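K.L.:
Got a structure for you, upload.pdb, holding PDB, C-alpha atoms.
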```pdb
ATOM      1  CA  MET A   1     -36.033  29.697  16.461
ATOM      2  CA  LEU A   2     -35.812  29.985  12.671
ATOM      3  CA  ASP A   3     -39.143  30.425  10.990
ATOM      4  CA  LYS A   4     -40.037  28.528   7.832
ATOM      5  CA  ASP A   5     -39.230  31.367   5.416
ATOM      6  CA  GLN A   6     -35.853  32.032   7.048
ATOM      7  CA  LEU A   7     -34.933  28.367   6.911
ATOM      8  CA  ASN A   8     -35.971  28.061   3.260
ATOM      9  CA  ASN A   9     -33.862  31.105   2.309
ATOM     10  CA  ILE A  10     -30.806  29.806   4.139
ATOM     11  CA  VAL A  11     -31.164  26.332   2.657
ATOM     12  CA  ALA A  12     -31.516  27.796  -0.841
ATOM     13  CA  GLY A  13     -28.418  29.952  -0.376
ATOM     14  CA  ILE A  14     -26.222  27.101   0.821
ATOM     15  CA  ALA A  15     -27.526  24.762  -1.894
ATOM     16  CA  LYS A  16     -26.714  27.442  -4.489
ATOM     17  CA  ASN A  17     -23.112  27.549  -3.215
ATOM     18  CA  TYR A  18     -22.973  23.766  -3.529
ATOM     19  CA  SER A  19     -23.709  24.011  -7.221
ATOM     20  CA  GLU A  20     -21.409  26.948  -7.978
ATOM     21  CA  ARG A  21     -18.195  26.024  -6.137
ATOM     22  CA  GLU A  22     -15.924  23.239  -7.367
ATOM     23  CA  GLU A  23     -14.558  22.708  -3.835
ATOM     24  CA  ILE A  24     -17.943  21.373  -2.697
ATOM     25  CA  PHE A  25     -18.847  18.042  -4.235
ATOM     26  CA  PHE A  26     -21.945  16.995  -2.322
ATOM     27  CA  THR A  27     -23.822  16.196  -5.535
ATOM     28  CA  ASP A  28     -20.900  14.617  -7.445
ATOM     29  CA  PRO A  29     -20.774  10.849  -6.856
ATOM     30  CA  CYS A  30     -17.523  10.601  -8.818
ATOM     31  CA  LYS A  31     -15.568  12.636  -6.263
ATOM     32  CA  HIS A  32     -13.459  10.742  -3.733
ATOM     33  CA  PHE A  33     -11.985  11.895  -0.458
ATOM     34  CA  PRO A  34     -10.088  10.028   2.287
ATOM     35  CA  ASN A  35     -11.491   9.759   5.796
ATOM     36  CA  LYS A  36      -9.696  12.084   8.200
ATOM     37  CA  GLN A  37     -10.544  10.098  11.318
ATOM     38  CA  ALA A  38      -9.386   6.857   9.725
ATOM     39  CA  ILE A  39      -6.029   8.440   8.882
ATOM     40  CA  GLU A  40      -5.609   9.706  12.444
ATOM     41  CA  ASP A  41      -6.434   6.183  13.684
ATOM     42  CA  ILE A  42      -3.715   4.773  11.414
ATOM     43  CA  VAL A  43      -1.194   7.138  13.006
ATOM     44  CA  MET A  44      -2.182   6.041  16.503
ATOM     45  CA  ASP A  45      -2.161   2.350  15.583
ATOM     46  CA  LEU A  46       1.328   2.715  14.143
ATOM     47  CA  ARG A  47       2.444   4.411  17.344
ATOM     48  CA  ARG A  48       1.211   1.393  19.318
ATOM     49  CA  VAL A  49       3.239  -0.905  17.056
ATOM     50  CA  MET A  50       6.375   1.235  17.391
ATOM     51  CA  PHE A  51       5.955   1.668  21.156
ATOM     52  CA  PRO A  52       3.753  -1.181  22.486
ATOM     53  CA  ARG A  53       2.069  -0.868  25.910
ATOM     54  CA  TYR A  54       2.668   2.889  26.067
ATOM     55  CA  PHE A  55      -0.630   3.877  24.472
ATOM     56  CA  GLY A  56      -2.895   0.837  24.681
ATOM     57  CA  ASP A  57      -3.712  -2.388  26.478
ATOM     58  CA  GLU A  58      -1.766  -4.632  24.148
ATOM     59  CA  THR A  59       0.623  -7.055  25.831
ATOM     60  CA  PRO A  60       2.940  -8.588  23.262
ATOM     61  CA  THR A  61       4.601 -11.793  24.444
ATOM     62  CA  GLY A  62       7.977 -10.835  25.828
ATOM     63  CA  THR A  63       9.921 -13.506  23.937
ATOM     64  CA  ASN A  64       7.664 -13.703  20.887
ATOM     65  CA  PRO A  65       6.166 -10.351  19.823
ATOM     66  CA  GLU A  66       5.751 -11.367  16.186
ATOM     67  CA  TYR A  67       2.069 -12.239  16.522
ATOM     68  CA  PHE A  68       1.205  -8.819  17.949
ATOM     69  CA  ILE A  69       3.240  -7.017  15.273
ATOM     70  CA  GLY A  70       1.859  -9.068  12.405
ATOM     71  CA  GLU A  71      -1.787  -8.835  13.467
ATOM     72  CA  SER A  72      -1.466  -5.077  13.992
ATOM     73  CA  LEU A  73       0.198  -4.455  10.647
ATOM     74  CA  ILE A  74      -2.423  -6.487   8.774
ATOM     75  CA  ARG A  75      -5.164  -4.356  10.315
ATOM     76  CA  ILE A  76      -3.298  -1.106   9.611
ATOM     77  CA  GLU A  77      -2.606  -2.122   6.013
ATOM     78  CA  ASP A  78      -6.273  -2.848   5.384
ATOM     79  CA  SER A  79      -7.249   0.620   6.611
ATOM     80  CA  LEU A  80      -4.416   2.369   4.791
ATOM     81  CA  ARG A  81      -5.339   0.679   1.512
ATOM     82  CA  ARG A  82      -8.878   2.055   1.705
ATOM     83  CA  GLU A  83      -7.630   5.586   2.316
ATOM     84  CA  LEU A  84      -4.981   5.356  -0.397
ATOM     85  CA  ARG A  85      -7.602   4.371  -2.963
ATOM     86  CA  GLU A  86      -9.718   7.378  -2.055
ATOM     87  CA  ALA A  87      -6.761   9.765  -2.076
ATOM     88  CA  LEU A  88      -5.467   8.544  -5.442
ATOM     89  CA  LEU A  89      -8.930   8.707  -7.011
ATOM     90  CA  PHE A  90      -9.396  12.206  -5.590
ATOM     91  CA  ARG A  91      -6.387  13.484  -7.489
ATOM     92  CA  GLY A  92      -7.329  11.475 -10.540
ATOM     93  CA  ASP A  93      -3.837  10.849 -11.887
ATOM     94  CA  VAL A  94      -4.012   7.041 -11.603
ATOM     95  CA  PRO A  95      -6.297   5.224 -14.062
ATOM     96  CA  GLU A  96      -8.748   2.955 -12.243
ATOM     97  CA  GLY A  97      -7.300  -0.061 -14.038
ATOM     98  CA  LYS A  98      -3.916   0.636 -12.450
ATOM     99  CA  LEU A  99      -5.194   1.762  -9.058
ATOM    100  CA  GLU A 100      -4.671  -1.504  -7.186
ATOM    101  CA  ALA A 101      -1.149  -1.885  -8.548
ATOM    102  CA  ARG A 102      -0.290   1.627  -7.362
ATOM    103  CA  VAL A 103      -1.801   0.939  -3.914
ATOM    104  CA  ASP A 104       0.251  -2.279  -3.724
ATOM    105  CA  GLU A 105       3.407  -0.379  -4.634
ATOM    106  CA  ILE A 106       2.855   2.329  -2.007
ATOM    107  CA  CYS A 107       1.986  -0.132   0.750
ATOM    108  CA  ASN A 108       4.914  -2.444   0.055
ATOM    109  CA  THR A 109       7.377   0.417   0.130
ATOM    110  CA  PHE A 110       5.794   2.028   3.187
ATOM    111  CA  PHE A 111       5.636  -1.095   5.351
ATOM    112  CA  ASN A 112       9.117  -2.235   4.334
ATOM    113  CA  ARG A 113      10.415   1.101   5.634
ATOM    114  CA  LEU A 114       8.829   0.805   9.096
ATOM    115  CA  PRO A 115      11.735  -0.990  10.848
ATOM    116  CA  GLU A 116      14.111   1.761   9.708
ATOM    117  CA  VAL A 117      11.645   4.472  10.696
ATOM    118  CA  GLN A 118      11.406   2.919  14.161
ATOM    119  CA  ARG A 119      15.204   2.801  14.435
ATOM    120  CA  ILE A 120      15.459   6.502  13.575
ATOM    121  CA  LEU A 121      12.691   7.383  16.045
ATOM    122  CA  LEU A 122      14.693   5.707  18.790
ATOM    123  CA  THR A 123      17.600   8.022  17.948
ATOM    124  CA  ASP A 124      15.187  10.948  18.341
ATOM    125  CA  VAL A 125      14.261   9.637  21.795
ATOM    126  CA  GLN A 126      17.959   9.454  22.656
ATOM    127  CA  ALA A 127      18.510  13.003  21.382
ATOM    128  CA  ALA A 128      15.726  14.296  23.623
ATOM    129  CA  PHE A 129      17.083  12.438  26.642
ATOM    130  CA  ASP A 130      20.637  13.628  26.030
ATOM    131  CA  GLY A 131      19.511  17.181  25.360
ATOM    132  CA  ASP A 132      17.046  17.759  28.196
ATOM    133  CA  PRO A 133      18.283  17.510  31.800
ATOM    134  CA  ALA A 134      14.640  17.707  32.934
ATOM    135  CA  ALA A 135      13.889  14.357  31.274
ATOM    136  CA  GLN A 136      13.765  11.689  33.957
ATOM    137  CA  SER A 137      13.668   8.775  31.529
ATOM    138  CA  LYS A 138      13.369   7.898  27.865
ATOM    139  CA  GLU A 139       9.960   6.435  28.665
ATOM    140  CA  GLU A 140       8.806   9.874  29.804
ATOM    141  CA  ILE A 141       9.797  11.299  26.414
ATOM    142  CA  ILE A 142       7.838   8.658  24.510
ATOM    143  CA  PHE A 143       4.834   9.020  26.797
ATOM    144  CA  SER A 144       4.533  12.752  27.021
ATOM    145  CA  TYR A 145       6.846  14.993  24.957
ATOM    146  CA  PRO A 146       4.821  16.864  22.319
ATOM    147  CA  GLY A 147       7.940  17.527  20.265
ATOM    148  CA  PHE A 148       8.614  13.815  19.997
ATOM    149  CA  PHE A 149       5.020  13.102  18.979
ATOM    150  CA  ALA A 150       5.300  15.719  16.213
ATOM    151  CA  ILE A 151       8.532  14.109  15.001
ATOM    152  CA  PHE A 152       6.921  10.658  15.084
ATOM    153  CA  VAL A 153       4.014  11.776  12.914
ATOM    154  CA  TYR A 154       6.373  13.602  10.556
ATOM    155  CA  ARG A 155       8.498  10.490  10.015
ATOM    156  CA  ILE A 156       5.410   8.407   9.199
ATOM    157  CA  ALA A 157       3.909  11.065   6.900
ATOM    158  CA  HIS A 158       7.233  11.631   5.149
ATOM    159  CA  GLU A 159       7.318   8.017   3.959
ATOM    160  CA  LEU A 160       4.047   8.617   2.110
ATOM    161  CA  TYR A 161       5.054  12.079   0.879
ATOM    162  CA  VAL A 162       8.159  10.747  -0.881
ATOM    163  CA  GLN A 163       5.880   8.316  -2.751
ATOM    164  CA  ASN A 164       3.784  11.252  -4.002
ATOM    165  CA  VAL A 165       0.683  10.231  -2.058
ATOM    166  CA  PRO A 166      -1.877  13.060  -2.115
ATOM    167  CA  LEU A 167      -3.704  14.459   0.927
ATOM    168  CA  ILE A 168      -2.842  11.782   3.480
ATOM    169  CA  PRO A 169       0.583  13.157   4.518
ATOM    170  CA  ARG A 170      -0.953  16.616   4.978
ATOM    171  CA  ILE A 171      -3.808  15.224   7.081
ATOM    172  CA  MET A 172      -1.256  13.437   9.281
ATOM    173  CA  SER A 173       0.913  16.539   9.639
ATOM    174  CA  GLU A 174      -2.012  18.754  10.544
ATOM    175  CA  TYR A 175      -3.144  16.205  13.114
ATOM    176  CA  ALA A 176       0.222  16.587  14.871
ATOM    177  CA  HIS A 177       0.120  20.360  14.352
ATOM    178  CA  GLY A 178      -3.221  20.633  16.089
ATOM    179  CA  ALA A 179      -2.166  18.352  18.946
ATOM    180  CA  THR A 180       1.254  19.889  19.627
ATOM    181  CA  GLY A 181       1.540  23.319  18.011
ATOM    182  CA  VAL A 182       4.458  21.993  15.921
ATOM    183  CA  ASP A 183       4.051  22.340  12.138
ATOM    184  CA  ILE A 184       6.460  20.049  10.270
ATOM    185  CA  ASN A 185       5.673  19.721   6.592
ATOM    186  CA  SER A 186       5.977  16.071   5.562
ATOM    187  CA  GLY A 187       8.211  17.049   2.650
ATOM    188  CA  ALA A 188      11.063  18.218   4.878
ATOM    189  CA  GLU A 189      14.195  16.067   5.017
ATOM    190  CA  ILE A 190      15.272  15.538   8.633
ATOM    191  CA  GLY A 191      18.225  13.477   9.807
ATOM    192  CA  GLU A 192      18.685  11.294  12.855
ATOM    193  CA  TYR A 193      18.856  12.429  16.498
ATOM    194  CA  PHE A 194      16.463  15.348  16.021
ATOM    195  CA  PHE A 195      15.106  17.131  19.097
ATOM    196  CA  ILE A 196      12.496  19.864  19.465
ATOM    197  CA  ASP A 197      12.779  21.263  22.989
ATOM    198  CA  HIS A 198       9.533  22.500  24.584
ATOM    199  CA  ALA A 199       7.809  22.309  21.173
ATOM    200  CA  THR A 200       4.984  24.793  20.442
ATOM    201  CA  GLY A 201       5.194  27.288  17.615
ATOM    202  CA  VAL A 202       7.896  25.481  15.618
ATOM    203  CA  VAL A 203       7.448  25.688  11.826
ATOM    204  CA  ILE A 204       9.514  23.595   9.405
ATOM    205  CA  GLY A 205       8.737  24.157   5.735
ATOM    206  CA  GLU A 206       8.359  21.645   2.944
ATOM    207  CA  THR A 207      11.784  21.993   1.312
ATOM    208  CA  THR A 208      13.803  22.277   4.528
ATOM    209  CA  ASN A 209      16.846  20.020   4.850
ATOM    210  CA  ILE A 210      18.014  19.230   8.388
ATOM    211  CA  GLY A 211      21.088  17.173   9.174
ATOM    212  CA  ALA A 212      21.789  14.876  12.119
ATOM    213  CA  HIS A 213      22.019  15.878  15.782
ATOM    214  CA  VAL A 214      20.091  19.130  15.321
ATOM    215  CA  LYS A 215      18.245  20.750  18.228
ATOM    216  CA  VAL A 216      15.632  23.485  17.919
ATOM    217  CA  TYR A 217      13.663  25.294  20.596
ATOM    218  CA  GLN A 218      10.111  26.584  20.769
ATOM    219  CA  GLY A 219       9.013  29.203  18.285
ATOM    220  CA  VAL A 220      11.710  28.468  15.693
ATOM    221  CA  THR A 221      10.742  29.025  12.059
ATOM    222  CA  LEU A 222      12.596  27.341   9.220
ATOM    223  CA  GLY A 223      10.653  29.036   6.492
ATOM    224  CA  ALA A 224      10.546  30.716   3.118
ATOM    225  CA  LEU A 225      11.125  34.283   2.096
ATOM    226  CA  SER A 226       8.220  36.004   0.351
ATOM    227  CA  THR A 227       5.948  33.474  -1.362
ATOM    228  CA  ARG A 228       3.916  35.999  -3.358
ATOM    229  CA  ALA A 229       4.515  33.939  -6.482
ATOM    230  CA  GLY A 230       2.286  31.272  -4.914
ATOM    231  CA  GLN A 231       1.861  28.083  -6.934
ATOM    232  CA  ALA A 232       4.630  29.140  -9.322
ATOM    233  CA  LEU A 233       7.048  28.231  -6.511
ATOM    234  CA  ALA A 234       5.748  24.675  -6.112
ATOM    235  CA  GLY A 235       8.672  22.279  -6.261
ATOM    236  CA  VAL A 236      11.253  25.065  -5.846
ATOM    237  CA  LYS A 237      13.546  24.935  -2.801
ATOM    238  CA  ARG A 238      12.164  27.723  -0.624
ATOM    239  CA  HIS A 239      13.355  26.732   2.836
ATOM    240  CA  PRO A 240      16.809  26.589   4.436
ATOM    241  CA  THR A 241      19.375  23.847   4.859
ATOM    242  CA  ILE A 242      20.531  23.148   8.417
ATOM    243  CA  GLU A 243      23.691  21.069   8.601
ATOM    244  CA  ASP A 244      24.706  18.599  11.334
ATOM    245  CA  ASN A 245      25.083  19.513  15.016
ATOM    246  CA  VAL A 246      23.296  22.876  14.802
ATOM    247  CA  THR A 247      21.363  24.406  17.702
ATOM    248  CA  ILE A 248      18.679  27.030  17.054
ATOM    249  CA  TYR A 249      17.289  28.816  20.095
ATOM    250  CA  SER A 250      13.754  30.031  20.720
ATOM    251  CA  ASN A 251      11.915  32.309  18.306
ATOM    252  CA  ALA A 252      14.749  32.435  15.790
ATOM    253  CA  SER A 253      13.833  32.551  12.085
ATOM    254  CA  VAL A 254      15.986  31.043   9.360
ATOM    255  CA  LEU A 255      14.513  31.788   5.949
ATOM    256  CA  GLY A 256      15.167  31.150   2.261
ATOM    257  CA  GLY A 257      16.016  28.258  -0.014
ATOM    258  CA  GLU A 258      19.593  29.416  -0.533
ATOM    259  CA  THR A 259      20.290  29.874   3.185
ATOM    260  CA  VAL A 260      22.651  27.268   4.655
ATOM    261  CA  VAL A 261      23.508  27.126   8.346
ATOM    262  CA  GLY A 262      26.904  25.463   8.542
ATOM    263  CA  GLU A 263      27.728  22.467  10.686
ATOM    264  CA  GLY A 264      28.117  23.081  14.396
ATOM    265  CA  SER A 265      26.628  26.583  14.316
ATOM    266  CA  ILE A 266      24.491  28.142  17.047
ATOM    267  CA  ILE A 267      21.656  30.537  16.240
ATOM    268  CA  ALA A 268      20.667  32.741  19.169
ATOM    269  CA  GLY A 269      17.089  33.319  20.242
ATOM    270  CA  SER A 270      15.067  35.797  18.156
ATOM    271  CA  ALA A 271      17.777  36.000  15.472
ATOM    272  CA  PHE A 272      16.602  36.625  11.909
ATOM    273  CA  VAL A 273      18.807  34.804   9.392
ATOM    274  CA  ILE A 274      18.278  35.187   5.638
ATOM    275  CA  SER A 275      21.786  34.445   4.343
ATOM    276  CA  SER A 276      24.172  31.550   4.793
ATOM    277  CA  VAL A 277      26.509  31.273   7.752
ATOM    278  CA  PRO A 278      29.717  29.211   7.697
ATOM    279  CA  LYS A 279      30.563  26.154   9.739
ATOM    280  CA  GLY A 280      30.947  26.777  13.458
ATOM    281  CA  SER A 281      29.281  30.210  13.430
ATOM    282  CA  ARG A 282      27.673  31.915  16.421
ATOM    283  CA  VAL A 283      24.785  34.081  15.260
ATOM    284  CA  SER A 284      23.323  36.559  17.740
ATOM    285  CA  LEU A 285      21.523  39.874  17.910
ATOM    286  CA  LYS A 286      23.612  43.002  18.417
ATOM    287  CA  ASN A 287      23.107  45.902  20.830
ATOM    288  CA  GLN A 288      20.182  44.455  22.712
ATOM    289  CA  GLU A 289      19.313  46.419  25.827
ATOM    290  CA  VAL A 290      17.326  45.343  28.860
ATOM    291  CA  ASN A 291      15.899  48.223  30.886
ATOM    292  CA  VAL A 292      14.817  47.569  34.471
ATOM    293  CA  ARG A 293      12.646  50.066  36.321
ATOM    294  CA  THR A 294      12.276  49.901  40.077
ATOM    295  CA  PRO A 295       9.137  51.168  41.837
ATOM    296  CA  ASN A 296      10.899  54.002  43.673
ATOM    297  CA  LYS A 297       8.296  56.585  42.726
ATOM    298  CA  GLU A 298       4.667  56.720  43.696
ATOM    299  CA  HIS A 299       3.390  56.398  40.134
ATOM    300  CA  ASP A 300       5.567  53.291  39.551
ATOM    301  CA  LYS A 301       3.696  51.207  42.133
ATOM    302  CA  CYS A 302       1.460  49.886  39.393
ATOM    303  CA  TRP A 303       4.396  47.647  38.384
ATOM    304  CA  GLU A 304       4.246  45.785  41.665
ATOM    305  CA  ILE A 305       2.813  42.275  41.641
TER     306      ILE A 305
END
```
Translate this structure into structure tokens?

P.N.:
Amino acid sequence: MLDKDQLNNIVAGIAKNYSEREEIFFTDPCKHFPNKQAIEDIVMDLRRVMFPRYFGDETPTGTNPEYFIGESLIRIEDSLRRELREALLFRGDVPEGKLEARVDEICNTFFNRLPEVQRILLTDVQAAFDGDPAAQSKEEIIFSYPGFFAIFVYRIAHELYVQNVPLIPRIMSEYAHGATGVDINSGAEIGEYFFIDHATGVVIGETTNIGAHVKVYQGVTLGALSTRAGQALAGVKRHPTIEDNVTIYSNASVLGGETVVGEGSIIAGSAFVISSVPKGSRVSLKNQEVNVRTPNKEHDKCWEI
């Protein structure tokens, strides 16, 4: 147990850090910050609207679902408005007199986009079903595929990112990242019929452009080359462009803002691509060797399982 002197010293040290670091604003009543849990709840509520009865007890009337949709969206909008105010005030680039008008603008644009976002998500479900012979139904994909959940959250977060909303898209993306192991920056541009097979370890950077009917496997990185310049590269295209109908197999890396993978190309597993490849290319590693040892000597028996 901490004694009184120890506790006083620790408290004094932490309080001193409070006062010296701008990242900690415990004593600044003017600082604003959105609520992480509330943002995660918005994501889950939107998922229930997009895919009713999969993730909750709601039972929209079969021939008249409008009441369920309308009531849900009103509740979601109320929560989103609160978090938008906090996020915009945190960054401080919207005068308080214009705050409500900016919140109105973001919400109107965001909610008007939801039917189209849902339509695109249904193409992602179809892509997963078409691309995975282990999928027994489209319902199974919606219920349980982590790659699809990551794509769902990305498509919601992206609609806020393109409106220059601070913090909230990142919180949404990191929620999906933590739940699935898939890290899709909300700034990426991703076309229809997108499928992440097996998920886990996929990284898609902020300035990535992905066309339609693209399939990637676990461990794929669509990333940047060296980012030692740090913030000087903000807003610069750092990540690759993947054209339509491309397949990228597990653990491949495609890097660089000038790198374009042409339409219909296939990138083999573990390939490292840092320059453009033309349409219809097949990119693979060369001179790979697989050595197999058999336990035909006494000292090799340790290989037996």

K.L.:
Quick one: distance from CA of Gly211 (chain A) to CA of Ile171 (chain A) in Å, one decimal?

P.N.:
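According to the coordinates, CA of Gly211 (chain A) and CA of Ile171 (chain A) are separated by 25.1 Å.
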
K.L.:
Which distance in Å separates CA of Ile42 (chain A) and CA of Val165 (chain A), to one decimal?

P.N.:
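Computing the Euclidean distance for CA of Ile42 (chain A) and CA of Val165 (chain A) yields 15.2 Å.
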
K.L.:
Please report, as lines of an AutoDock Vina configuration file, the centre and edge lengths in Å to one decimal of an axis-aligned box covering all listed atoms of region 10-15 of chain A with 5 Å per side.

P.N.:
```
center_x = -28.9
center_y = 27.4
center_z = 1.1
size_x = 15.3
size_y = 15.2
size_z = 16.0
```

K.L.:
One decimal, in Å: what's the spacing between CA of Val182 (chain A) and CA of Val203 (chain A)?

P.N.:
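A separation of 6.3 Å between them.
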
K.L.:
Identify the residues around (11.0, 4.1, 6.0) within a radius of 12 Å, measuring from all atoms listed in the file in the coordinates stated by the file, and give them as a PyMOL selection string.

P.N.:
chain A and resi 106-121+152+154-163

K.L.:
Which residues fall under the PyMOL selection byres ((chain A and resi 83) around 10) in this file, as a PDB file with C-alpha atoms, keeping the file's coordinate frame?

P.N.:
```pdb
ATOM      1  CA  HIS A  32     -13.459  10.742  -3.733  1.00  0.00           C
ATOM      2  CA  PHE A  33     -11.985  11.895  -0.458  1.00  0.00           C
ATOM      3  CA  PRO A  34     -10.088  10.028   2.287  1.00  0.00           C
ATOM      4  CA  ASN A  35     -11.491   9.759   5.796  1.00  0.00           C
ATOM      5  CA  LYS A  36      -9.696  12.084   8.200  1.00  0.00           C
ATOM      6  CA  ALA A  38      -9.386   6.857   9.725  1.00  0.00           C
ATOM      7  CA  ILE A  39      -6.029   8.440   8.882  1.00  0.00           C
ATOM      8  CA  ILE A  42      -3.715   4.773  11.414  1.00  0.00           C
ATOM      9  CA  GLU A  77      -2.606  -2.122   6.013  1.00  0.00           C
ATOM     10  CA  ASP A  78      -6.273  -2.848   5.384  1.00  0.00           C
ATOM     11  CA  SER A  79      -7.249   0.620   6.611  1.00  0.00           C
ATOM     12  CA  LEU A  80      -4.416   2.369   4.791  1.00  0.00           C
ATOM     13  CA  ARG A  81      -5.339   0.679   1.512  1.00  0.00           C
ATOM     14  CA  ARG A  82      -8.878   2.055   1.705  1.00  0.00           C
ATOM     15  CA  LEU A  84      -4.981   5.356  -0.397  1.00  0.00           C
ATOM     16  CA  ARG A  85      -7.602   4.371  -2.963  1.00  0.00           C
ATOM     17  CA  GLU A  86      -9.718   7.378  -2.055  1.00  0.00           C
ATOM     18  CA  ALA A  87      -6.761   9.765  -2.076  1.00  0.00           C
ATOM     19  CA  LEU A  88      -5.467   8.544  -5.442  1.00  0.00           C
ATOM     20  CA  LEU A  89      -8.930   8.707  -7.011  1.00  0.00           C
ATOM     21  CA  VAL A 103      -1.801   0.939  -3.914  1.00  0.00           C
ATOM     22  CA  LEU A 167      -3.704  14.459   0.927  1.00  0.00           C
ATOM     23  CA  ILE A 168      -2.842  11.782   3.480  1.00  0.00           C
TER      24      ILE A 168
END
```

K.L.:
List the neighbours of Gly269 (chain A) out to 12 Å using only C-alpha atoms; skip same-chain residues closer than 4 positions along the sequence, and give me the result as number ranges by chain.

P.N.:
A: 216-221, 247-254, 273, 282-286, 288

K.L.:
Applied to this file, what does the PyMOL selection byres ((chain A and resi 206) around 6) return in terms of residues, put as an NGL selection string?

P.N.:
:A and (185 or 187-188 or 205 or 207-208)

K.L.:
Which one of A:Phe149, A:Ile142, A:Lys215, A:Ala224 sits closest to Gly264 (chain A) if you count all atoms listed in the file?

P.N.:
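Using all atoms listed in the file, Gly264 (chain A) sits closest to A:Lys215.
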
K.L.:
Which residues are close to Val260 (chain A), i.e. within 7 Å by all atoms listed in the file, leaving aside same-chain residues fewer than 6 positions away? Reply as a PDB file with C-alpha atoms, in the frame of the given file.

P.N.:
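Written file, result-v1.pdb:
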```
ATOM      1  CA  PRO A 240      16.809  26.589   4.436  1.00  0.00           C
ATOM      2  CA  THR A 241      19.375  23.847   4.859  1.00  0.00           C
ATOM      3  CA  ILE A 242      20.531  23.148   8.417  1.00  0.00           C
ATOM      4  CA  SER A 276      24.172  31.550   4.793  1.00  0.00           C
ATOM      5  CA  VAL A 277      26.509  31.273   7.752  1.00  0.00           C
TER       6      VAL A 277
END
```

K.L.:
Excluding region 130-140 of chain A and residues on its chain fewer than 3 positions from it, collect all residues at most 12 Å away from it, counting only C-alpha atoms, and give them as a PyMOL selection string.

P.N.:
chain A and resi 51-55+121-127+143-146+148-149+193-198+213-217+245+247

K.L.:
Which residue out of A:Gly235, A:Asn287, A:Leu73, A:Leu222 has the minimum interatomic distance to Phe272 (chain A) when only C-alpha atoms are used?

P.N.:
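The closest residue to Phe272 (chain A) is A:Leu222.
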